[in-house]
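Chemist: Here's a structure for you.
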Amino acid sequence: MNDLLSPSDNMWRLMRELYPICRSITGDGVRKTLAILGRDMPLVHHRFPSGTQCYDWEVPFEWNIDGALLRYEDGTVIANFEHHNLHVLGYSLPVDGWFTLDELRTHLFSLPEQPDIIPYVTSYYRSEWGFCLSHRAKEALKPGRYHARIDSRFSPGELVLGEAFLPGRTEREILISCYICHPSMANDSLSGVVLAAELYRELSKRSHLFSYRFCFLPETIGAIAYLSRFGQRLKKALHAGLVVTCVGDSGRIHYKQTRCGNHLLDRVVANVLRHGKWPHEIRGFRPLGSDERQYCSPGFDMPVGSLMRSVYGEFPEYHTSADNLDFVNASALEESFHVYMEVLRALEGNQTCRTTVPFCEPQMGRRGLYPMVGDKAEKSALIQRYMWILNLSDGNNSFLDIAERMDDGLLAVIEAADNLIRAGLLEEVKEVQHE
Amino acid sequence: MNDLLSPSDNMWRLMRELYPICRSITGDGVRKTLAILGRDMPLVHHRFPSGTQCYDWEVPFEWNIDGALLRYEDGTVIANFEHHNLHVLGYSLPVDGWFTLDELRTHLFSLPEQPDIIPYVTSYYRSEWGFCLSHRAKEALKPGRYHARIDSRFSPGELVLGEAFLPGRTEREILISCYICHPSMANDSLSGVVLAAELYRELSKRSHLFSYRFCFLPETIGAIAYLSRFGQRLKKALHAGLVVTCVGDSGRIHYKQTRCGNHLLDRVVANVLRHGKWPHEIRGFRPLGSDERQYCSPGFDMPVGSLMRSVYGEFPEYHTSADNLDFVNASALEESFHVYMEVLRALEGNQTCRTTVPFCEPQMGRRGLYPMVGDKAEKSALIQRYMWILNLSDGNNSFLDIAERMDDGLLAVIEAADNLIRAGLLEEVKEVQHE
Amino acid sequence: MNDLLSPSDNMWRLMRELYPICRSITGDGVRKTLAILGRDMPLVHHRFPSGTQCYDWEVPFEWNIDGALLRYEDGTVIANFEHHNLHVLGYSLPVDGWFTLDELRTHLFSLPEQPDIIPYVTSYYRSEWGFCLSHRAKEALKPGRYHARIDSRFSPGELVLGEAFLPGRTEREILISCYICHPSMANDSLSGVVLAAELYRELSKRSHLFSYRFCFLPETIGAIAYLSRFGQRLKKALHAGLVVTCVGDSGRIHYKQTRCGNHLLDRVVANVLRHGKWPHEIRGFRPLGSDERQYCSPGFDMPVGSLMRSVYGEFPEYHTSADNLDFVNASALEESFHVYMEVLRALEGNQTCRTTVPFCEPQMGRRGLYPMVGDKAEKSALIQRYMWILNLSDGNNSFLDIAERMDDGLLAVIEAADNLIRAGLLEEVKEVQHE
């Protein structure tokens, strides 16, 4: 990518490149996607051969597809994989034969309530073949014979996933996890992938306290495979984690809390959203959703939440051909990127300090801390911030605790505290706050 | 009783048999009542001779009454014990003499605001004689002389109470306590007695985890006498207890919490009422009321609540001749019985389990756990229940904790968890959860 | 003062005597004020020479003023210290010279939004000279030359503060702190001074559990100086403290909580205000305000709140010539005094007891505890209070805990508990409850 491009340019360009690829949980689509991502970051590939046992799961055979065509007896094309990769049931068995309309019906998937769009359907763990098409097209099918041909192949292969790591000043890690197993889905899946890539790019340019780990995984089985190999290490090092998905549409921000619900991460995100004035909604943890289910399984119970725009499963375009490049936009991606960066900056800047003048208040006047610029309200807000920080920094309250108590933005508190540290009025208790 | 009869038939039949008996805290009425109850359960009688010291109290002389008649000088009957046993002040001294209307007045009790009904008044610990009558009858009394005769007898005797015990698979006990000292009061007192008898009958037919202890006591002095002899043992074994009363009227359900207010019992009852969709109201503990006052005295502080319909003291029929067989009905009794049974089933089924697949989620599909019957909403609810149970069953969360977190019914969670136990995905941490 | 005078008479007389004196943080005004207060209580003076280091602060030179006059070239008097001591900037440098209107402007202080009143402005730690006047007067100034003369003197001297101590039955202390550094400010500062003096007078007439410490200090620097010498001892002995100010206006009561926000004091004040039916508002702690800032600095973190009427900085008369004897009134002072006395009585009476009849309830009837006077509602309230006190007095609940649980007034609970103690049903666990 080009350093002169803005985050939204980068993300949009990558989105357009990744969108057409037909991905699944295994196969060449994943490899192609990782290859593209690998151009911009040193991506380590982890491979799990078909048949590998990963906790309660087994890596399936690799699935690849060359083409698929459904035609009426007169040659009319009903569905063609080359026109849209959603036309084939994900993990469909191969087929090549003639069927009556009645025989065909149980192999056709459509959405009666959204008759103009193609659904995205998969059958990873139950052997089936099928075509997906718009309900309108399905309803128009005439009696007669149809030729169905799906050139898919199952073979012992591998599940492959990519990981990038940015070391920080400490070994405590922040995890950014997204999934790369969906075919042409722009918001669900791809928006998270391009935002994760942009975060890598941005963070690689600056010094940071935490180490950052980026995972590009096939959803569910990929996360499970990853955790079966690296879960214990990740659990030990993890400060906080976010599953990135559905960040490209125009909906307002949603945050899904960690399993514990009151983790530092949950509090930081709530503070950033509230005081950043982003329209948003906070949702409690639920054991359904994306890969946070695996990170938050009871054996791991990691502090992983998910920061989205519209929530998967709740927007009508979800898992359909309507989740396309028209549904997402560069400015929504950019805004989401800024929200992520604010959360990371807040996590990085939160610490616990102790005032160097614990008995009675310090004399602020002679230290030149009173603000010289800004209107009266801004000056007053800054003085209050100073006084709160100094009063509560007894070694027990983090900046987050202080921001929450005074109902102020954590980022503003961090900034004000920096002035107090420079003025010698505040000193760090410890560098990283372990919960 | 007849096994072919429904709970409401049983309860109603017993109610009709017990209603006419003139009971008090001692005397033949109590013995008669215990004899009738003893036909259907092995009732142990505990006897406390008059004069026995029970903590701060002393068992009074036994009181029995053969008749009472108040007549005007012209022979007109004003009040006759044979017409209604409420006509005599409970624990009235005997009397036999002529009185002017003025002399009589301080011995007459009526309700000016409910002029047509007879109040229920007692004077257990202050020596008095008196008649109770409707205010209308009292107002109609003409000047002149009245003959008052009360054939009551005080004699060294005993206080007697009945206890039935159903052993369970553990020695942890659930207490069902009701009072048998009220004369013809259908809702206050008797409805609780017949519901307790029906619970005994129902529980004696099935296997149960807890042992069940049923106490049929004269209120206050009976509970105090019982606790003075068995309180320490009960305290040690008690899992939870309920005082049963006022369960036969048409009002909605009320639950009065235990002294601690947040006991397992309080949470279970709240869950059952909320998710059973019973119209209800939950009240905090108060140190006034029925025998929960004694169980919840600070030296014992037992987890005993009270599950009623209308609350004693709050319905106009309370402690009057209007609390009669017209005020209660069989279907209200039956519904109350079902609420009690749901609470007991929920208490029995609540346990703490641990998932056998703690790392990442189990693969549900291949275990056939996905529901095959039910509409889409029911199927989705069951899958969510499975996922919540599996996610939270880390050995620290009881089914109640899980139900509360997901805002679901504990009974539904217990049922779903049974499937997971059978599928080998869940195992018990310990059989009984001791708070 | 005269024992026959009411609290409001005393306070009002003292207010009128103290109002005209020109006070500052140092100087003769403070000495004069302490001399007047010393007539009615044994006031110990603590002296801090100029230059003394007190934590982060240094005691400034003493400032005294003999007069100040601003005149127009034609002799017209613009501002005269003899007319109002607010006309001079507090801690103004001396000056004697002619100035053009333009030169003068930066030395003139007024309130454009309140054009008829003189502001109260100080410049303790930045060297300046200046006059304060009404905005209307300032706007009317004509071009030309002005003669400004301020006869102020800075000299090595002292900061002096007064302290009175009333020993109680225990060494645990209650602090009453007020400030004496404001010139003619009736509500802000002086109302607190006269109320503190009246509390001393009232408490000196009766036996009390706690020791009471009264501090009359120049604000900020005085409190800091005091704490630098006595802070550790105070912290050790302190049960609770209140900063008294702004108690003479007609606004409703405001209570500013201690730094911890849930201290015994906060709960007691909330209870007294709620159940005393005083219109009021409770505010959380903020590290801005009066001397509670110093007592609540993180090194001390003492349980000190502030009980006011209108809050400093929030009423338009604050820090202006309008905060005068017309703005305060004797009946508001008297009501404030009663609120303070109720809080002190509640603090004194709160204790933790244990029932002497822990198992089952005591038999109240034979102890004559049932109320004989009062209407039905009062009787019922008293019986409930008895039952709650007896039920919750298990050695773990203070009277405050009990009052909060039953949503009753602590003072009423204390009174009822006294009856139970006299009846032998309750005994003290320990005399003073240390938090």
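Residue names in the structure tokens use chain letters A, B, ... in the order shown, residue numbers from 1 in each chain, and ligand numbers from 1 in the order shown.
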Output the contact residues of chain B with respect to chain C at a cut-off of 7 Å, based on only C-alpha atoms, as a CSV table (one decimal) with N, CA and C atoms, in the first residue's frame.
Modeler:
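So the final result, stored in part.csv, reads:
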chain,number,residue,atom,x,y,z
B,55,TYR,N,-38.1,-20.3,75.6
B,55,TYR,CA,-37.4,-19.0,75.5
B,55,TYR,C,-38.1,-18.0,76.3
B,56,ASP,N,-38.6,-16.9,75.7
B,56,ASP,CA,-39.1,-15.8,76.5
B,56,ASP,C,-40.6,-16.0,76.9
B,57,TRP,N,-41.2,-17.1,76.5
B,57,TRP,CA,-42.6,-17.4,76.6
B,57,TRP,C,-42.9,-18.6,77.5
B,224,ILE,N,-42.8,-21.1,68.6
B,224,ILE,CA,-41.7,-20.9,69.6
B,224,ILE,C,-41.5,-22.1,70.4
B,287,PRO,N,-40.2,-8.0,60.1
B,287,PRO,CA,-40.3,-8.8,61.3
B,287,PRO,C,-41.6,-8.9,62.0
B,294,GLN,N,-40.5,-16.1,63.8
B,294,GLN,CA,-39.7,-16.9,64.8
B,294,GLN,C,-38.5,-17.6,64.1
B,297,SER,N,-35.9,-15.1,63.5
B,297,SER,CA,-35.4,-14.3,64.6
B,297,SER,C,-33.9,-14.4,64.6
B,298,PRO,N,-33.2,-13.4,65.1
B,298,PRO,CA,-31.7,-13.3,64.8
B,298,PRO,C,-30.9,-14.5,65.3
B,299,GLY,N,-31.4,-15.1,66.4
B,299,GLY,CA,-30.6,-16.3,66.8
B,299,GLY,C,-30.7,-17.4,65.8
B,300,PHE,N,-31.8,-17.5,65.1
B,300,PHE,CA,-31.9,-18.6,64.1
B,300,PHE,C,-31.6,-18.1,62.7
Chemist: Identify, with DSSP run on backbone atoms, the residues in stretch 234-371 of chain B assigned to strand (DSSP E or B), and express the list as a PDB file with C-alpha atoms, in the first residue's frame.
Modeler:
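Done, and the output landed in part-v5.pdb:
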ATOM      1  CA  LEU B 238     -32.529 -26.488  56.711  1.00  0.00           C
ATOM      2  CA  HIS B 239     -32.053 -25.765  53.012  1.00  0.00           C
ATOM      3  CA  ALA B 240     -35.112 -23.498  52.791  1.00  0.00           C
ATOM      4  CA  GLY B 241     -38.541 -23.125  54.303  1.00  0.00           C
ATOM      5  CA  LEU B 242     -41.922 -21.651  53.537  1.00  0.00           C
ATOM      6  CA  VAL B 243     -44.754 -20.564  55.787  1.00  0.00           C
ATOM      7  CA  VAL B 244     -47.969 -21.476  53.956  1.00  0.00           C
ATOM      8  CA  ILE B 253     -49.422 -14.310  44.403  1.00  0.00           C
ATOM      9  CA  HIS B 254     -47.284 -12.534  46.996  1.00  0.00           C
ATOM     10  CA  TYR B 255     -43.909 -13.705  48.171  1.00  0.00           C
ATOM     11  CA  LYS B 256     -42.397 -12.408  51.376  1.00  0.00           C
ATOM     12  CA  HIS B 280     -47.249 -11.595  41.510  1.00  0.00           C
ATOM     13  CA  GLU B 281     -45.547  -9.152  43.828  1.00  0.00           C
ATOM     14  CA  ILE B 282     -42.426  -9.662  45.885  1.00  0.00           C
ATOM     15  CA  ARG B 283     -42.198  -8.111  49.318  1.00  0.00           C
ATOM     16  CA  VAL B 304     -37.735 -19.089  55.568  1.00  0.00           C
ATOM     17  CA  GLY B 305     -40.055 -17.033  53.386  1.00  0.00           C
ATOM     18  CA  SER B 306     -43.771 -17.056  52.855  1.00  0.00           C
ATOM     19  CA  LEU B 307     -45.651 -17.653  49.636  1.00  0.00           C
ATOM     20  CA  MET B 308     -49.234 -16.426  49.727  1.00  0.00           C
ATOM     21  CA  THR B 320     -63.486 -11.690  60.390  1.00  0.00           C
ATOM     22  CA  THR B 352     -23.850 -26.639  39.727  1.00  0.00           C
ATOM     23  CA  CYS B 353     -22.288 -28.463  36.794  1.00  0.00           C
ATOM     24  CA  ARG B 354     -19.116 -28.345  34.795  1.00  0.00           C
ATOM     25  CA  THR B 355     -18.920 -28.701  31.022  1.00  0.00           C
TER      26      THR B 355
END
Chemist: Would you mind listing what lies within 8 Å of A:Arg153 as a ChimeraX atom specification, with only C-alpha atoms counted and same-chain residues fewer than 4 positions away left out?
Modeler: /A:62-65,93-94
Chemist: Output the selection as a compact mmCIF listing (two decimals), in the first residue's frame - C-alpha atoms for each residue.
Modeler:
# COMPACT_ATOMS: atom_id res chain seq x y z
CA GLU A 62 -10.34 -29.39 2.06
CA TRP A 63 -13.03 -28.16 -0.31
CA ASN A 64 -12.34 -26.59 -3.68
CA ILE A 65 -14.59 -25.74 -6.53
CA LEU A 93 -20.88 -32.26 -2.74
CA PRO A 94 -20.12 -32.57 -6.44
Chemist: Excluding B:Val339 and residues on its chain fewer than 4 positions from it, collect all residues at most 8 Å away from it, counting only C-alpha atoms, and give them as a PyMOL selection string.
Modeler: chain B and resi 272-273+335+343
Chemist: Store the residues picked out above, limited to C-alpha atoms, as a PDB file, in the first residue's frame.
Modeler:
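Wrote it out as part.pdb, contents follow:
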ATOM      1  CA  VAL B 272     -40.361 -19.241  39.114  1.00  0.00           C
ATOM      2  CA  LEU B 273     -42.939 -16.478  39.516  1.00  0.00           C
ATOM      3  CA  GLU B 335     -53.054 -22.819  41.357  1.00  0.00           C
ATOM      4  CA  VAL B 343     -40.774 -23.798  43.479  1.00  0.00           C
TER       5      VAL B 343
END
Chemist: Could you tell me how far atom CA of C:Gly67 lies from atom CA of C:Arg126, in Å and to one decimal?
Modeler: 20.9 Å
Chemist: Would you work out the distance separating atom CA of A:Arg13 from atom CA of A:Ala346, expressed in Å to one decimal?
Modeler: 28.5 Å
Chemist: Excluding B:Gly284 and any residue of its chain fewer than 3 positions from it, enumerate the residues within 8 Å of it, using only C-alpha atoms, and give them as a list in words.
Modeler: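 In the requested format, the answer is Lys256, Gln257, Thr258 and Gly261 of chain B.
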Chemist: Could the residues in this selection be written to a file with C-alpha atoms, as a tab-separated table (two decimals), in the first residue's frame?
Modeler:
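This is the output file result.tsv:
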chain	number	residue	atom	x	y	z
B	256	LYS	CA	-42.40	-12.41	51.38
B	257	GLN	CA	-38.63	-12.78	51.32
B	258	THR	CA	-36.40	-14.35	53.94
B	261	GLY	CA	-33.50	-11.13	51.29
Chemist: Can you work out the spacing between atom CA of B:Thr220 and atom CA of B:Asn10 in Å, to one decimal?
Modeler: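 About the pair atom CA of B:Thr220 and atom CA of B:Asn10: they are 27.6 Å apart.
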Chemist: With DSSP run on the backbone, what are the alpha helix (DSSP H) residues within stretch 10-191 of chain A? I'd like them as an MDAnalysis selection string.
Modeler: chainID A and resid 10:18 28:38 101:105 135:139
Chemist: Which is closer to B:Ala148 than all the others in B:Leu101, B:Ile180, B:Val328, B:Leu86, using only C-alpha atoms?
Modeler: B:Leu101
Chemist: Please list as a list of chain:residue names every residue within 9 Å of stretch 207-214 of chain A, counting only C-alpha atoms and excluding residues in the same chain fewer than 3 positions away.
Modeler: A:Gly162, A:Glu163, A:Ala164, A:Phe165, A:Leu166, A:Pro167, A:Gly168, A:Arg169, A:Thr170, A:Glu171, A:Arg172, A:Glu173, A:Ile174, A:Leu175, A:Ile176, A:Ser177, A:Cys178, A:Ala196, A:Ala197, A:Tyr200, A:Leu203, A:Ser204, A:His239, A:Leu347, A:Glu348, A:Gly349, A:Glu431, A:Val432
Chemist: Write a file of the just-selected residues containing C-alpha atoms, as an mmCIF file, in the first residue's frame.
Modeler:
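Result went into result16.cif, see below:
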data_model
loop_
_atom_site.group_PDB
_atom_site.id
_atom_site.type_symbol
_atom_site.label_atom_id
_atom_site.label_comp_id
_atom_site.auth_asym_id
_atom_site.auth_seq_id
_atom_site.Cartn_x
_atom_site.Cartn_y
_atom_site.Cartn_z
ATOM 1 C CA GLY A 162 -2.552 -16.290 9.203
ATOM 2 C CA GLU A 163 -1.070 -14.466 12.152
ATOM 3 C CA ALA A 164 0.917 -11.224 12.422
ATOM 4 C CA PHE A 165 2.632 -9.967 15.548
ATOM 5 C CA LEU A 166 3.824 -6.480 16.497
ATOM 6 C CA PRO A 167 5.990 -6.550 19.620
ATOM 7 C CA GLY A 168 5.464 -3.701 22.088
ATOM 8 C CA ARG A 169 7.296 -2.410 25.141
ATOM 9 C CA THR A 170 5.701 -5.165 27.219
ATOM 10 C CA GLU A 171 4.770 -8.735 26.490
ATOM 11 C CA ARG A 172 1.152 -8.121 27.432
ATOM 12 C CA GLU A 173 -0.866 -8.589 24.273
ATOM 13 C CA ILE A 174 -3.855 -7.125 22.570
ATOM 14 C CA LEU A 175 -5.592 -9.470 20.153
ATOM 15 C CA ILE A 176 -7.287 -8.344 16.968
ATOM 16 C CA SER A 177 -9.163 -11.272 15.463
ATOM 17 C CA CYS A 178 -11.145 -11.432 12.239
ATOM 18 C CA ALA A 196 -7.481 -5.283 11.036
ATOM 19 C CA ALA A 197 -4.959 -4.828 8.217
ATOM 20 C CA TYR A 200 -1.539 -3.324 11.738
ATOM 21 C CA LEU A 203 0.456 0.509 14.765
ATOM 22 C CA SER A 204 3.562 -0.642 12.937
ATOM 23 C CA HIS A 239 -4.568 -7.955 28.137
ATOM 24 C CA LEU A 347 -6.021 1.042 26.715
ATOM 25 C CA GLU A 348 -2.410 2.097 26.179
ATOM 26 C CA GLY A 349 -2.698 5.291 28.200
ATOM 27 C CA GLU A 431 3.755 0.553 33.945
ATOM 28 C CA VAL A 432 1.018 -1.855 33.002
#
